[in-house]
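**Student:** Have a look at this one.
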Amino acid sequence: MSQSYNRGLIEDFSRWREFSAGMWAWIFHKFTGWVLVGYLFTHIAVLSTALSGATEYTTTIQGLESLLIVRILEVGLLAVAVFHILNGLRLLFVDLGVGLEAQDKSFYASLILTGVIVVASVPTFLAGVTI
Amino acid sequence: MSTQVPEQVEDESASETVSTGKQKRDAKKRERAERVQEQREVEAAEKARTADDTYHLKVFRYDPEVPEKQEPRFDDFYVPYKQGMTILDALMWARDHYDSSLTFRHSCRQAICGSDALFVNGSQRLGCKTQLSDLSEPVRVEPLPHADVVKDLVVDMEHFYDQMEAVEPYFQTNSLPDGELEEQRQTRENREKVKMSTRCIWCSACMSSCNIAAGDNEYLGPAAINKAYRFAMDEREGEDMKQRRLEILEQEHGVWRCQTQFSCTEVCPKDIPLTEHIQELKREAIKNNLKFW
Ligand code: HEM
Ligand code: SF4
Ligand code: FES
């Protein structure tokens, strides 16, 4: 074979230049999936404070909820979870071979629906819990 | 811009008998002719650049054998537009009028030989099937991503062909008809089922667009899996042949690598529903392994 040129980084990035629904759906799905796994650990950590008694648990929750950043992160968590679920359902249909010709539309629909649900949830989350 | 050898301006046979004076005069004449030629080229390029009905192409150039082209670069070509002009037409025009060393593969010019898949404005397209008028300027023309560039727009297709061969892309059966001249007929429904999958022209656009194939060299890739689909779904091959085909497809780097990104389906110039075929083979593979009856 003759010499050939490896286009290196340009090569790796060029494939992301053109927006393609299925590609982004894949990236978002992987990303949200791993964020959920990460959250699972914090979730378990917070819940385990209940092992040291009811008051311990309540103060932990109250402490966390009093922080604005935590409430904002919760909105983010909801966004991630809702997108993962909706796109997950889309992927199940794709696996069944149902509605493949609308795969891009169903991805946009997941995005929009996620957006709507998240926006609707903002007041509830930012108000925080009052225990 | 041109790496072409300039045309000879005078007859060489006379050079032995002529005086040094004439030689000097000739040298001057040649110089002048060259200057005029250069001037003309610049003017032509300038005219093409300013005209409204020209298309601006930015074309990837690379040639390991020419020192000035060892570092990849983009050359600008201004091509006068004619109605119905395709990317391939424009490249040919640029090659014929500006730089005869511009290298790309083409043959049929009618989307049937599969030799001119290119990376145009960020996606894989067939040069001869893509209208210039559908593209925004400047039109960037690059060789297919994820393949070794041999020269300019020519990539090494060997790996793609290897993957195609790996799925045994030919009809095989253990149940031949009795009479030697008897035809192996296919039902209309079965023909309809494999119809789209038979249209592949081995252009490699799908393979080049696939992120999974880019990260995993052993992945069979959409075209090869589609080729396997064409035969696995052909009822004339028989049950044991289908079993063998599914075994090939079920391997670690077979159908399960597909992450349903649909990029292959989107770029295929023959509109083959590649992802659909891959998904169907995944289901076939599962059904095959879960056979309780
Ligand atoms: C109703 C809820 C859920 C649905 C419908 C769902 C659906 C899916 C589907 C269909 C896939 C496969 C994507 C593919 O084909 O490549 C997937 C992947 C994944 N999911 Fe979920 N999921 C859900 C909840 C969760 C949760 C709670 C977590 C985290 C604890 C999670 C973590 C992941 C991860 C990490 C992946 C990527 C796996 C990989 O790398 O291939 N999912 N999900
Ligand atoms: S499946 Fe389509 S894109 Fe892939 S090689 Fe065949 S014709 Fe080209
Ligand atoms: S030249 Fe044959 S497919 Fe384009």
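Labels used: A, B, ... for chains in the order of the structure tokens, numbers from 1 for residues in each chain, and numbers from 1 for ligands as shown.
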At a cut-off of 9 Å and counting only C-alpha atoms and all ligand atoms, what residues surround ligand 2? Please answer as a PyMOL selection string.
**Tutor:** chain B and resi 111-112+114+117+124-126+160+197-209+221-227+264-274
**Student:** Only residues of chain B matter here; which ones have an atom within 7 Å of chain A, counting only C-alpha atoms? Give them as an NGL selection string.
**Tutor:** :B and (64 or 122-123 or 145 or 148-150 or 261-263 or 276 or 279-280)
**Student:** May I ask for the distance between CA of Ala214 in chain B and CA of Glu65 in chain B, given in Å to one decimal place?
**Tutor:**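 Taking CA of Ala214 in chain B as the start and CA of Glu65 in chain B as the end point, the length is 26.8 Å.
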**Student:** Skip range 151-156 of chain B itself and residues of its chain fewer than 6 positions away, then list as JSON, numbers by chain all residues within 12 Å of it, counting only C-alpha atoms.
**Tutor:** {"A": [1, 2, 3, 4, 5, 6], "B": [58, 59, 60, 61, 62, 63, 64, 65, 66, 69, 70, 71, 72, 73, 74, 75, 88, 91, 95, 101, 102, 103, 104, 105, 106, 115, 116, 117, 118, 119, 120, 127, 140, 141, 142, 143, 144, 145, 162, 203, 204, 205, 208]}
**Student:** Got a sec to tell me which of range 50-268 of chain B DSSP assigns to strand (DSSP E or B), as a PyMOL selection string?
**Tutor:** chain B and resi 54-61+73-80+86+117-120+123-126+131+139-142+149-151+154-155
**Student:** May I have the residues within 10 Å of Arg245 in chain B as a list in words, using only C-alpha atoms and disregarding those fewer than 5 positions away in the same chain?
**Tutor:**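 The filter keeps Val167, Glu168, Ala228, Tyr229, Phe231, Ala232, Met233, Glu239, Asp240, Glu250 and Ala285 of chain B.
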**Student:** CA of Lys195 in chain B and CA of Phe107 in chain A are how many Å apart?
**Tutor:** 28.6 Å
**Student:** Give the residues close to ligand 1, within 12 Å, counting only C-alpha atoms and all ligand atoms; write them as an MDAnalysis selection string.
**Tutor:** (chainID A and resid 22:23 25:44 77:78 80:96) or (chainID B and resid 212 256:261 279 282)
**Student:** Can you check which residues of range 143-287 of chain B DSSP gives as alpha helix (DSSP H) on the backbone and send them as a ChimeraX atom specification?
**Tutor:** /B:158-166,188-194,205-209,211-215,222-232,239-250,263-267,274-287
**Student:** Tell me, in Å to one decimal, how far CA of Arg35 in chain B is from CA of Tyr55 in chain B.
**Tutor:**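 So the two atoms, CA of Arg35 in chain B and CA of Tyr55 in chain B, lie 27.1 Å apart.
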**Student:** Find the residues around range 286-292 of chain B up to 9 Å (only C-alpha atoms counted), leave out those fewer than 2 positions away in its own chain, and share them as a ChimeraX atom specification.
**Tutor:** /B:243,246,281-284
**Student:** Export C-alpha atoms of the chosen residues as a short mmCIF file (atom, residue, chain, number, x, y, z; two decimals), in the first residue's frame?
**Tutor:**
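What ended up in out29.cif:
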```
data_model
loop_
_atom_site.label_atom_id
_atom_site.label_comp_id
_atom_site.auth_asym_id
_atom_site.auth_seq_id
_atom_site.Cartn_x
_atom_site.Cartn_y
_atom_site.Cartn_z
CA GLN B 243 -28.10 -20.76 10.08
CA LEU B 246 -26.70 -15.89 11.23
CA LEU B 281 -31.22 -9.40 11.67
CA LYS B 282 -30.74 -8.72 15.39
CA ARG B 283 -34.28 -9.96 15.99
CA GLU B 284 -33.68 -12.97 13.73
#
```
